[in-house]
file start-v6.pdb (PDB, C-alpha atoms)
ATOM      1  CA  MET A  17      13.011 -18.019  19.474  1.00  0.00           C
ATOM      2  CA  GLN A  18      10.085 -16.029  18.116  1.00  0.00           C
ATOM      3  CA  GLN A  19      11.060 -13.599  15.405  1.00  0.00           C
ATOM      4  CA  LYS A  20      10.311  -9.985  16.193  1.00  0.00           C
ATOM      5  CA  SER A  21       7.772  -8.381  13.887  1.00  0.00           C
ATOM      6  CA  ARG A  22       9.269  -5.963  11.396  1.00  0.00           C
ATOM      7  CA  GLY A  23       5.937  -4.260  10.748  1.00  0.00           C
ATOM      8  CA  PRO A  24       6.903  -1.012  12.520  1.00  0.00           C
ATOM      9  CA  GLN A  25      10.241  -0.932  10.679  1.00  0.00           C
ATOM     10  CA  ARG A  26       8.479  -1.258   7.338  1.00  0.00           C
ATOM     11  CA  ILE A  27       6.090   1.515   8.339  1.00  0.00           C
ATOM     12  CA  GLY A  28       9.051   3.711   9.288  1.00  0.00           C
ATOM     13  CA  ASP A  29      10.495   3.188   5.818  1.00  0.00           C
ATOM     14  CA  VAL A  30       7.118   3.915   4.200  1.00  0.00           C
ATOM     15  CA  LEU A  31       6.786   7.161   6.155  1.00  0.00           C
ATOM     16  CA  ALA A  32      10.259   8.231   5.083  1.00  0.00           C
ATOM     17  CA  ASN A  33       9.535   7.412   1.442  1.00  0.00           C
ATOM     18  CA  VAL A  34       6.182   9.205   1.416  1.00  0.00           C
ATOM     19  CA  MET A  35       7.678  12.317   2.984  1.00  0.00           C
ATOM     20  CA  ALA A  36      10.554  12.374   0.521  1.00  0.00           C
ATOM     21  CA  ARG A  37       8.275  11.780  -2.470  1.00  0.00           C
ATOM     22  CA  ARG A  38       5.985  14.624  -1.401  1.00  0.00           C
ATOM     23  CA  GLY A  39       8.914  17.002  -0.955  1.00  0.00           C
ATOM     24  CA  TYR A  40       8.904  17.194   2.826  1.00  0.00           C
ATOM     25  CA  GLY A  41      12.288  17.629   4.417  1.00  0.00           C
ATOM     26  CA  ASN A  42      12.883  14.775   6.840  1.00  0.00           C
ATOM     27  CA  GLN A  43      15.523  15.004   9.529  1.00  0.00           C
ATOM     28  CA  GLN A  44      14.220  12.011  11.455  1.00  0.00           C
ATOM     29  CA  SER A  45      15.649   8.524  11.317  1.00  0.00           C
ATOM     30  CA  SER A  46      13.569   5.483  10.397  1.00  0.00           C
ATOM     31  CA  LYS A  47      13.660   4.480  14.066  1.00  0.00           C
ATOM     32  CA  GLU A  48      12.136   7.802  15.110  1.00  0.00           C
ATOM     33  CA  LEU A  49       9.500   7.417  12.423  1.00  0.00           C
ATOM     34  CA  GLU A  50       8.728   3.916  13.722  1.00  0.00           C
ATOM     35  CA  THR A  51       8.143   5.400  17.178  1.00  0.00           C
ATOM     36  CA  THR A  52       5.770   7.985  15.714  1.00  0.00           C
ATOM     37  CA  TRP A  53       3.842   5.206  13.998  1.00  0.00           C
ATOM     38  CA  LEU A  54       3.622   3.026  17.098  1.00  0.00           C
ATOM     39  CA  GLN A  55       2.359   5.915  19.206  1.00  0.00           C
ATOM     40  CA  ALA A  56      -0.267   6.800  16.608  1.00  0.00           C
ATOM     41  CA  ALA A  57      -1.349   3.174  16.180  1.00  0.00           C
ATOM     42  CA  GLY A  58      -1.670   2.641  19.916  1.00  0.00           C
ATOM     43  CA  GLN A  59      -3.734   5.781  20.420  1.00  0.00           C
ATOM     44  CA  LYS A  60      -5.943   5.047  17.439  1.00  0.00           C
ATOM     45  CA  LEU A  61      -6.638   1.517  18.635  1.00  0.00           C
ATOM     46  CA  ALA A  62      -7.652   2.889  22.028  1.00  0.00           C
ATOM     47  CA  ASP A  63      -9.978   5.402  20.371  1.00  0.00           C
ATOM     48  CA  LEU A  64     -11.631   2.844  18.134  1.00  0.00           C
ATOM     49  CA  SER A  65     -12.077   0.318  20.925  1.00  0.00           C
ATOM     50  CA  ARG A  66     -14.504   2.514  22.883  1.00  0.00           C
ATOM     51  CA  PRO A  67     -17.999   1.043  23.345  1.00  0.00           C
ATOM     52  CA  GLY A  68     -20.389   2.105  20.614  1.00  0.00           C
ATOM     53  CA  SER A  69     -17.806   2.335  17.825  1.00  0.00           C
ATOM     54  CA  LEU A  70     -19.383   1.699  14.448  1.00  0.00           C
ATOM     55  CA  ARG A  71     -18.549  -1.813  13.228  1.00  0.00           C
ATOM     56  CA  ARG A  72     -15.809  -1.990  15.824  1.00  0.00           C
ATOM     57  CA  GLY A  73     -14.336  -5.274  14.631  1.00  0.00           C
ATOM     58  CA  THR A  74     -14.118  -4.096  11.029  1.00  0.00           C
ATOM     59  CA  LEU A  75     -12.668  -0.753  12.056  1.00  0.00           C
ATOM     60  CA  GLU A  76      -9.946  -2.286  14.198  1.00  0.00           C
ATOM     61  CA  ILE A  77      -8.928  -4.880  11.626  1.00  0.00           C
ATOM     62  CA  VAL A  78      -9.341  -3.087   8.306  1.00  0.00           C
ATOM     63  CA  VAL A  79      -9.230   0.657   8.953  1.00  0.00           C
ATOM     64  CA  LYS A  80      -7.103   1.021  12.099  1.00  0.00           C
ATOM     65  CA  ASN A  81      -3.764   0.932  10.309  1.00  0.00           C
ATOM     66  CA  SER A  82      -4.907   3.473   7.733  1.00  0.00           C
ATOM     67  CA  LEU A  83      -5.967   5.914  10.438  1.00  0.00           C
ATOM     68  CA  ALA A  84      -2.756   5.361  12.377  1.00  0.00           C
ATOM     69  CA  LEU A  85      -0.706   5.957   9.227  1.00  0.00           C
ATOM     70  CA  GLN A  86      -2.600   9.196   8.662  1.00  0.00           C
ATOM     71  CA  ASP A  87      -1.919  10.294  12.236  1.00  0.00           C
ATOM     72  CA  ALA A  88       1.762   9.457  11.929  1.00  0.00           C
ATOM     73  CA  LEU A  89       2.088  11.391   8.664  1.00  0.00           C
ATOM     74  CA  GLU A  90       0.287  14.425  10.078  1.00  0.00           C
ATOM     75  CA  GLN A  91       2.503  14.420  13.169  1.00  0.00           C
ATOM     76  CA  LEU A  92       5.409  14.661  10.723  1.00  0.00           C
ATOM     77  CA  GLY A  93       3.822  17.591   8.917  1.00  0.00           C
ATOM     78  CA  VAL A  94       2.452  15.701   5.913  1.00  0.00           C
ATOM     79  CA  PHE A  95      -1.141  16.416   4.915  1.00  0.00           C
ATOM     80  CA  ALA A  96      -3.001  13.109   4.573  1.00  0.00           C
ATOM     81  CA  ARG A  97      -6.559  11.886   4.127  1.00  0.00           C
ATOM     82  CA  VAL A  98      -8.075   8.459   4.760  1.00  0.00           C
ATOM     83  CA  MET A  99     -10.902   7.560   2.396  1.00  0.00           C
ATOM     84  CA  SER A 100     -12.928   4.464   3.212  1.00  0.00           C
ATOM     85  CA  ALA A 101     -14.988   2.221   0.956  1.00  0.00           C
ATOM     86  CA  ILE A 102     -17.408   1.686   3.842  1.00  0.00           C
ATOM     87  CA  VAL A 103     -19.273   4.539   5.513  1.00  0.00           C
ATOM     88  CA  ILE A 104     -17.550   5.527   8.764  1.00  0.00           C
ATOM     89  CA  ASN A 105     -17.904   9.303   8.704  1.00  0.00           C
ATOM     90  CA  GLU A 106     -16.992   9.603  12.372  1.00  0.00           C
ATOM     91  CA  VAL A 107     -13.346   8.787  11.704  1.00  0.00           C
ATOM     92  CA  CYS A 108     -12.630   9.315   7.991  1.00  0.00           C
ATOM     93  CA  GLU A 109     -14.032  10.392   4.642  1.00  0.00           C
ATOM     94  CA  ASP A 110     -16.106   8.244   2.329  1.00  0.00           C
ATOM     95  CA  TYR A 111     -14.324   7.263  -0.856  1.00  0.00           C
ATOM     96  CA  ILE A 112     -15.426   9.521  -3.709  1.00  0.00           C
ATOM     97  CA  ARG A 113     -13.271   9.340  -6.819  1.00  0.00           C
ATOM     98  CA  ARG A 114     -13.295  13.041  -7.731  1.00  0.00           C
ATOM     99  CA  ARG A 115     -12.626  14.069  -4.154  1.00  0.00           C
ATOM    100  CA  ALA A 116      -9.686  11.666  -3.962  1.00  0.00           C
ATOM    101  CA  ILE A 117      -8.214  13.117  -7.151  1.00  0.00           C
ATOM    102  CA  ARG A 118      -8.709  16.629  -5.780  1.00  0.00           C
ATOM    103  CA  HIS A 119      -6.811  15.728  -2.610  1.00  0.00           C
ATOM    104  CA  LEU A 120      -3.948  14.421  -4.740  1.00  0.00           C
ATOM    105  CA  GLU A 121      -3.949  17.566  -6.864  1.00  0.00           C
ATOM    106  CA  LYS A 122      -3.530  19.590  -3.675  1.00  0.00           C
ATOM    107  CA  GLY A 123      -0.448  17.559  -2.772  1.00  0.00           C
ATOM    108  CA  ARG A 124      -2.055  15.491  -0.032  1.00  0.00           C
ATOM    109  CA  VAL A 125      -1.362  11.825   0.610  1.00  0.00           C
ATOM    110  CA  VAL A 126      -4.514   9.745   0.119  1.00  0.00           C
ATOM    111  CA  ILE A 127      -4.837   6.460   2.017  1.00  0.00           C
ATOM    112  CA  PHE A 128      -7.509   4.126   0.648  1.00  0.00           C
ATOM    113  CA  ALA A 129      -9.052   2.013   3.402  1.00  0.00           C
ATOM    114  CA  ALA A 130     -11.495  -0.887   3.719  1.00  0.00           C
ATOM    115  CA  GLY A 131     -10.718  -2.476   0.379  1.00  0.00           C
ATOM    116  CA  THR A 132     -13.548  -2.248  -2.138  1.00  0.00           C
ATOM    117  CA  GLY A 133     -16.171  -2.353   0.594  1.00  0.00           C
ATOM    118  CA  ASN A 134     -17.409  -5.703  -0.661  1.00  0.00           C
ATOM    119  CA  PRO A 135     -16.779  -9.293   0.480  1.00  0.00           C
ATOM    120  CA  PHE A 136     -14.783 -11.775  -1.619  1.00  0.00           C
ATOM    121  CA  PHE A 137     -12.545  -9.044  -3.046  1.00  0.00           C
ATOM    122  CA  THR A 138      -8.914  -8.944  -1.944  1.00  0.00           C
ATOM    123  CA  THR A 139      -6.906  -5.882  -1.020  1.00  0.00           C
ATOM    124  CA  ASP A 140      -4.997  -6.427  -4.267  1.00  0.00           C
ATOM    125  CA  SER A 141      -8.278  -6.020  -6.121  1.00  0.00           C
ATOM    126  CA  ALA A 142      -8.965  -2.794  -4.262  1.00  0.00           C
ATOM    127  CA  ALA A 143      -5.478  -1.472  -4.983  1.00  0.00           C
ATOM    128  CA  SER A 144      -5.772  -2.095  -8.724  1.00  0.00           C
ATOM    129  CA  LEU A 145      -9.280  -0.629  -8.855  1.00  0.00           C
ATOM    130  CA  ARG A 146      -8.246   2.560  -7.054  1.00  0.00           C
ATOM    131  CA  ALA A 147      -5.110   2.889  -9.196  1.00  0.00           C
ATOM    132  CA  VAL A 148      -7.221   2.773 -12.352  1.00  0.00           C
ATOM    133  CA  GLU A 149      -9.852   5.135 -10.947  1.00  0.00           C
ATOM    134  CA  ILE A 150      -7.384   7.882  -9.997  1.00  0.00           C
ATOM    135  CA  ASN A 151      -5.344   7.443 -13.189  1.00  0.00           C
ATOM    136  CA  ALA A 152      -2.208   6.448 -11.293  1.00  0.00           C
ATOM    137  CA  GLU A 153       1.029   6.181 -13.239  1.00  0.00           C
ATOM    138  CA  LEU A 154       2.036   2.943 -11.529  1.00  0.00           C
ATOM    139  CA  LEU A 155       0.616   0.259  -9.232  1.00  0.00           C
ATOM    140  CA  ILE A 156       3.168  -1.091  -6.761  1.00  0.00           C
ATOM    141  CA  LYS A 157       2.795  -4.496  -5.144  1.00  0.00           C
ATOM    142  CA  ALA A 158       5.040  -4.393  -2.068  1.00  0.00           C
ATOM    143  CA  THR A 159       5.570  -7.925  -0.810  1.00  0.00           C
ATOM    144  CA  LYS A 160       8.143 -10.240   0.798  1.00  0.00           C
ATOM    145  CA  VAL A 161      10.116 -11.099  -2.338  1.00  0.00           C
ATOM    146  CA  ASP A 162      12.083  -8.837  -4.650  1.00  0.00           C
ATOM    147  CA  GLY A 163      10.002  -9.452  -7.753  1.00  0.00           C
ATOM    148  CA  VAL A 164       8.258 -12.151  -9.751  1.00  0.00           C
ATOM    149  CA  TYR A 165       9.934 -15.559  -9.971  1.00  0.00           C
ATOM    150  CA  SER A 166       9.444 -18.551 -12.229  1.00  0.00           C
ATOM    151  CA  ALA A 167       8.566 -20.522  -9.080  1.00  0.00           C
ATOM    152  CA  ASP A 168       8.374 -19.964  -5.342  1.00  0.00           C
ATOM    153  CA  PRO A 169      11.972 -18.940  -4.474  1.00  0.00           C
ATOM    154  CA  VAL A 170      11.528 -20.223  -0.934  1.00  0.00           C
ATOM    155  CA  LEU A 171      10.666 -23.735  -2.099  1.00  0.00           C
ATOM    156  CA  ASP A 172      12.629 -23.833  -5.351  1.00  0.00           C
ATOM    157  CA  LYS A 173      16.213 -22.557  -5.137  1.00  0.00           C
ATOM    158  CA  SER A 174      16.547 -22.738  -8.914  1.00  0.00           C
ATOM    159  CA  ALA A 175      13.741 -20.241  -9.450  1.00  0.00           C
ATOM    160  CA  THR A 176      14.740 -17.255 -11.564  1.00  0.00           C
ATOM    161  CA  ARG A 177      13.565 -13.673 -11.168  1.00  0.00           C
ATOM    162  CA  TYR A 178      12.079 -11.752 -14.064  1.00  0.00           C
ATOM    163  CA  GLU A 179      12.996  -8.101 -14.594  1.00  0.00           C
ATOM    164  CA  SER A 180       9.966  -7.565 -16.810  1.00  0.00           C
ATOM    165  CA  LEU A 181       6.890  -9.512 -17.907  1.00  0.00           C
ATOM    166  CA  LYS A 182       3.761  -9.142 -19.984  1.00  0.00           C
ATOM    167  CA  TYR A 183       0.341  -9.416 -18.355  1.00  0.00           C
ATOM    168  CA  ASP A 184      -0.505 -12.395 -20.541  1.00  0.00           C
ATOM    169  CA  ASP A 185       2.687 -14.150 -19.432  1.00  0.00           C
ATOM    170  CA  VAL A 186       1.671 -13.789 -15.788  1.00  0.00           C
ATOM    171  CA  ILE A 187      -1.754 -15.261 -16.500  1.00  0.00           C
ATOM    172  CA  GLU A 188      -0.656 -18.079 -18.809  1.00  0.00           C
ATOM    173  CA  ARG A 189       2.248 -19.186 -16.603  1.00  0.00           C
ATOM    174  CA  LYS A 190       0.144 -18.845 -13.448  1.00  0.00           C
ATOM    175  CA  LEU A 191       2.968 -16.974 -11.728  1.00  0.00           C
ATOM    176  CA  GLY A 192       0.798 -15.905  -8.813  1.00  0.00           C
ATOM    177  CA  VAL A 193       1.895 -12.273  -8.670  1.00  0.00           C
ATOM    178  CA  MET A 194      -1.587 -11.077  -7.798  1.00  0.00           C
ATOM    179  CA  ASP A 195      -5.118 -12.326  -8.320  1.00  0.00           C
ATOM    180  CA  THR A 196      -5.911 -13.057 -11.951  1.00  0.00           C
ATOM    181  CA  THR A 197      -8.746 -10.525 -11.718  1.00  0.00           C
ATOM    182  CA  VAL A 198      -6.227  -7.866 -10.778  1.00  0.00           C
ATOM    183  CA  VAL A 199      -3.859  -8.681 -13.631  1.00  0.00           C
ATOM    184  CA  VAL A 200      -6.724  -8.614 -16.127  1.00  0.00           C
ATOM    185  CA  LEU A 201      -7.931  -5.250 -14.808  1.00  0.00           C
ATOM    186  CA  CYS A 202      -4.432  -3.802 -15.111  1.00  0.00           C
ATOM    187  CA  ARG A 203      -4.062  -5.213 -18.616  1.00  0.00           C
ATOM    188  CA  GLU A 204      -7.398  -3.855 -19.812  1.00  0.00           C
ATOM    189  CA  ASN A 205      -6.550  -0.391 -18.473  1.00  0.00           C
ATOM    190  CA  ASN A 206      -2.851  -0.419 -19.390  1.00  0.00           C
ATOM    191  CA  MET A 207      -1.843   0.023 -15.752  1.00  0.00           C
ATOM    192  CA  PRO A 208       1.863  -0.804 -15.176  1.00  0.00           C
ATOM    193  CA  LEU A 209       2.455  -3.075 -12.188  1.00  0.00           C
ATOM    194  CA  ARG A 210       5.722  -3.307 -10.305  1.00  0.00           C
ATOM    195  CA  VAL A 211       6.375  -6.052  -7.747  1.00  0.00           C
ATOM    196  CA  LEU A 212       9.099  -5.387  -5.187  1.00  0.00           C
ATOM    197  CA  ASP A 213      10.420  -6.323  -1.762  1.00  0.00           C
ATOM    198  CA  MET A 214       9.002  -3.991   0.878  1.00  0.00           C
ATOM    199  CA  MET A 215      11.767  -5.008   3.292  1.00  0.00           C
ATOM    200  CA  LYS A 216      14.487  -3.747   0.957  1.00  0.00           C
ATOM    201  CA  LYS A 217      15.593  -0.296   2.024  1.00  0.00           C
ATOM    202  CA  GLY A 218      14.776   2.397  -0.511  1.00  0.00           C
ATOM    203  CA  ALA A 219      12.962   0.012  -2.869  1.00  0.00           C
ATOM    204  CA  LEU A 220       9.626   1.814  -2.648  1.00  0.00           C
ATOM    205  CA  MET A 221      11.205   5.201  -3.302  1.00  0.00           C
ATOM    206  CA  ARG A 222      13.201   3.944  -6.278  1.00  0.00           C
ATOM    207  CA  ALA A 223      10.049   2.469  -7.809  1.00  0.00           C
ATOM    208  CA  ALA A 224       8.131   5.714  -7.242  1.00  0.00           C
ATOM    209  CA  LEU A 225      10.910   7.608  -9.042  1.00  0.00           C
ATOM    210  CA  GLY A 226      10.628   5.300 -12.036  1.00  0.00           C
ATOM    211  CA  GLN A 227      13.843   3.421 -11.418  1.00  0.00           C
ATOM    212  CA  ASN A 228      14.298  -0.279 -12.129  1.00  0.00           C
ATOM    213  CA  GLU A 229      13.293  -2.151  -8.979  1.00  0.00           C
ATOM    214  CA  GLY A 230      11.832  -5.638  -8.708  1.00  0.00           C
ATOM    215  CA  THR A 231       9.737  -6.822 -11.639  1.00  0.00           C
ATOM    216  CA  LEU A 232       7.743  -4.622 -14.014  1.00  0.00           C
ATOM    217  CA  VAL A 233       4.583  -6.056 -15.580  1.00  0.00           C
ATOM    218  CA  THR A 234       3.214  -4.234 -18.629  1.00  0.00           C
ATOM    219  CA  GLN A 235       1.368  -4.780 -21.923  1.00  0.00           C
TER     220      GLN A 235
END
call {"tool": "encode", "arguments": {"input": "start-v6.pdb", "output": "structure tokens"}}
result
Amino acid sequence: MQQKSRGPQRIGDVLANVMARRGYGNQQSSKELETTWLQAAGQKLADLSRPGSLRRGTLEIVVKNSLALQDALEQLGVFARVMSAIVINEVCEDYIRRRAIRHLEKGRVVIFAAGTGNPFFTTDSAASLRAVEINAELLIKATKVDGVYSADPVLDKSATRYESLKYDDVIERKLGVMDTTVVVLCRENNMPLRVLDMMKKGALMRAALGQNEGTLVTQ
């Protein structure tokens, strides 16, 4: 039996966490938030699939989810902006560091889309770069496991989870948390990195509030 995708459920949790973190009262359940997301995603895909869309393939694959997330947040009363590393003025803003910081200062949610805008760079690289550029307090790596392990916990049942690590430990032990380039960038800019399980209810919110969740990587 094919397992049902839990993407919408994760998005529902993300919406709830973002709203709570930004101080918006939320009376909707995660299921209702999932519905809002699915409606926004479906409409946005239809909009971007029209003939003549700029870089249609790239838009649908890389930017579509960011635009749908923005739509879902705005339908819930949360002010949000999508800023793209590639120029697509018809649907979102270009990424400009000072403008992004200004949006954040005004209490808006900023969604960074299209990675770094360059090939051969992962989304992890883009996340760390943007975190450093906007002087974020914390970079969160939301993944499928609840932290960093000594080995792959799926393949090695004896693998142990670390509550905290140093950047150099991650690199030297080749723990595979994120790309080595990302870890080095975080180390050089003293950017704390927390790895957590996105499927775990409330994990993202607890991390955003500074609570102990997953694994924390620091200097």
call {"tool": "atom_distance", "arguments": {"input": "start-v6.pdb", "atom1": "CA of Glu106 in chain A", "atom2": "CA of Ala143 in chain A"}}
result
23.6 Å
call {"tool": "resolve_selection", "arguments": {"input": "start-v6.pdb", "expression": "the PyMOL selection byres ((chain A and resi 199) around 9)", "output": "MDAnalysis selection string"}}
result
chainID A and resid 144 183:184 186:187 193:198 200:204 209
call {"tool": "closest_residue", "arguments": {"input": "start-v6.pdb", "among": "A:Asn206, A:Val233, A:Arg146, A:Met214", "to": "Val164 in chain A", "atoms": "only C-alpha atoms"}}
result
A:Val233
call {"tool": "residues_around", "arguments": {"input": "start-v6.pdb", "residues": "Tyr111 in chain A", "least_positions_apart": "2", "cutoff": "12 Å", "atoms": "all atoms listed in the file", "output": "VMD selection string"}}
result
chain A and resid 97 to 105 108 to 109 113 to 119 126 to 133 142 146 149 to 150
call {"tool": "atom_distance", "arguments": {"input": "start-v6.pdb", "atom1": "CA of Val211 in chain A", "atom2": "CA of Glu90 in chain A"}}
result
27.8 Å
call {"tool": "axis_aligned_box", "arguments": {"input": "start-v6.pdb", "around": "range 106-117 of chain A", "padding_each_side": "4 Å", "output": "AutoDock Vina command-line options"}}
result
--center_x -12.6 --center_y 10.7 --center_z 2.3 --size_x 16.8 --size_y 14.8 --size_z 28.1
call {"tool": "atom_distance", "arguments": {"input": "start-v6.pdb", "atom1": "CA of Ile112 in chain A", "atom2": "CA of Ser141 in chain A"}}
result
17.3 Å
call {"tool": "closest_residue", "arguments": {"input": "start-v6.pdb", "among": "A:Ser180, A:Leu191, A:Asp168, A:Gln86", "to": "Arg124 in chain A", "atoms": "only C-alpha atoms"}}
result
A:Gln86
call {"tool": "closest_residue", "arguments": {"input": "start-v6.pdb", "among": "A:Asp213, A:Asp87, A:Asp140, A:Asp185", "to": "Asp162 in chain A", "atoms": "all atoms listed in the file"}}
result
A:Asp213
call {"tool": "build_atoms", "arguments": {"input": "start-v6.pdb", "residues": "range 160-184 of chain A", "atoms": "N, CA and C atoms", "output": "mmCIF file, in the frame of the given file"}}
result
data_model
loop_
_atom_site.group_PDB
_atom_site.id
_atom_site.type_symbol
_atom_site.label_atom_id
_atom_site.label_comp_id
_atom_site.auth_asym_id
_atom_site.auth_seq_id
_atom_site.Cartn_x
_atom_site.Cartn_y
_atom_site.Cartn_z
ATOM 1 N N LYS A 160 7.001 -9.711 0.056
ATOM 2 C CA LYS A 160 8.143 -10.240 0.798
ATOM 3 C C LYS A 160 9.288 -10.697 -0.096
ATOM 4 N N VAL A 161 9.063 -10.692 -1.401
ATOM 5 C CA VAL A 161 10.116 -11.099 -2.338
ATOM 6 C C VAL A 161 10.429 -9.936 -3.267
ATOM 7 N N ASP A 162 11.614 -9.982 -3.869
ATOM 8 C CA ASP A 162 12.083 -8.837 -4.650
ATOM 9 C C ASP A 162 11.684 -8.912 -6.121
ATOM 10 N N GLY A 163 10.490 -9.403 -6.387
ATOM 11 C CA GLY A 163 10.002 -9.452 -7.753
ATOM 12 C C GLY A 163 9.227 -10.716 -8.040
ATOM 13 N N VAL A 164 8.998 -10.971 -9.316
ATOM 14 C CA VAL A 164 8.258 -12.151 -9.751
ATOM 15 C C VAL A 164 9.252 -13.223 -10.173
ATOM 16 N N TYR A 165 9.041 -14.435 -9.676
ATOM 17 C CA TYR A 165 9.934 -15.559 -9.971
ATOM 18 C C TYR A 165 9.217 -16.622 -10.790
ATOM 19 N N SER A 166 9.998 -17.454 -11.438
ATOM 20 C CA SER A 166 9.444 -18.551 -12.229
ATOM 21 C C SER A 166 8.775 -19.599 -11.341
ATOM 22 N N ALA A 167 9.165 -19.626 -10.072
ATOM 23 C CA ALA A 167 8.566 -20.522 -9.080
ATOM 24 C C ALA A 167 8.768 -19.876 -7.715
ATOM 25 N N ASP A 168 8.216 -20.494 -6.694
ATOM 26 C CA ASP A 168 8.374 -19.964 -5.342
ATOM 27 C C ASP A 168 9.854 -20.053 -4.948
ATOM 28 N N PRO A 169 10.536 -18.904 -4.782
ATOM 29 C CA PRO A 169 11.972 -18.940 -4.474
ATOM 30 C C PRO A 169 12.296 -19.559 -3.119
ATOM 31 N N VAL A 170 11.308 -19.618 -2.240
ATOM 32 C CA VAL A 170 11.528 -20.223 -0.934
ATOM 33 C C VAL A 170 11.595 -21.747 -1.055
ATOM 34 N N LEU A 171 10.746 -22.289 -1.934
ATOM 35 C CA LEU A 171 10.666 -23.735 -2.099
ATOM 36 C C LEU A 171 11.573 -24.252 -3.208
ATOM 37 N N ASP A 172 11.821 -23.411 -4.197
ATOM 38 C CA ASP A 172 12.629 -23.833 -5.351
ATOM 39 C C ASP A 172 13.836 -22.895 -5.499
ATOM 40 N N LYS A 173 14.997 -23.376 -5.104
ATOM 41 C CA LYS A 173 16.213 -22.557 -5.137
ATOM 42 C C LYS A 173 16.666 -22.244 -6.559
ATOM 43 N N SER A 174 16.160 -22.979 -7.527
ATOM 44 C CA SER A 174 16.547 -22.738 -8.914
ATOM 45 C C SER A 174 15.636 -21.723 -9.606
ATOM 46 N N ALA A 175 14.675 -21.215 -8.872
ATOM 47 C CA ALA A 175 13.741 -20.241 -9.450
ATOM 48 C C ALA A 175 14.488 -18.987 -9.898
ATOM 49 N N THR A 176 14.094 -18.456 -11.032
ATOM 50 C CA THR A 176 14.740 -17.255 -11.564
ATOM 51 C C THR A 176 13.784 -16.071 -11.487
ATOM 52 N N ARG A 177 14.370 -14.892 -11.282
ATOM 53 C CA ARG A 177 13.565 -13.673 -11.168
ATOM 54 C C ARG A 177 13.479 -12.977 -12.521
ATOM 55 N N TYR A 178 12.289 -12.493 -12.828
ATOM 56 C CA TYR A 178 12.079 -11.752 -14.064
ATOM 57 C C TYR A 178 12.241 -10.252 -13.801
ATOM 58 N N GLU A 179 12.914 -9.559 -14.702
ATOM 59 C CA GLU A 179 12.996 -8.101 -14.594
ATOM 60 C C GLU A 179 11.760 -7.448 -15.184
ATOM 61 N N SER A 180 11.183 -8.091 -16.194
ATOM 62 C CA SER A 180 9.966 -7.565 -16.810
ATOM 63 C C SER A 180 9.133 -8.725 -17.355
ATOM 64 N N LEU A 181 7.831 -8.511 -17.421
ATOM 65 C CA LEU A 181 6.890 -9.512 -17.907
ATOM 66 C C LEU A 181 5.726 -8.830 -18.607
ATOM 67 N N LYS A 182 5.010 -9.596 -19.399
ATOM 68 C CA LYS A 182 3.761 -9.142 -19.984
ATOM 69 C C LYS A 182 2.613 -9.677 -19.131
ATOM 70 N N TYR A 183 1.499 -8.962 -19.128
ATOM 71 C CA TYR A 183 0.341 -9.416 -18.355
ATOM 72 C C TYR A 183 -0.062 -10.832 -18.759
ATOM 73 N N ASP A 184 -0.083 -11.078 -20.059
ATOM 74 C CA ASP A 184 -0.505 -12.395 -20.541
ATOM 75 C C ASP A 184 0.441 -13.493 -20.059
#
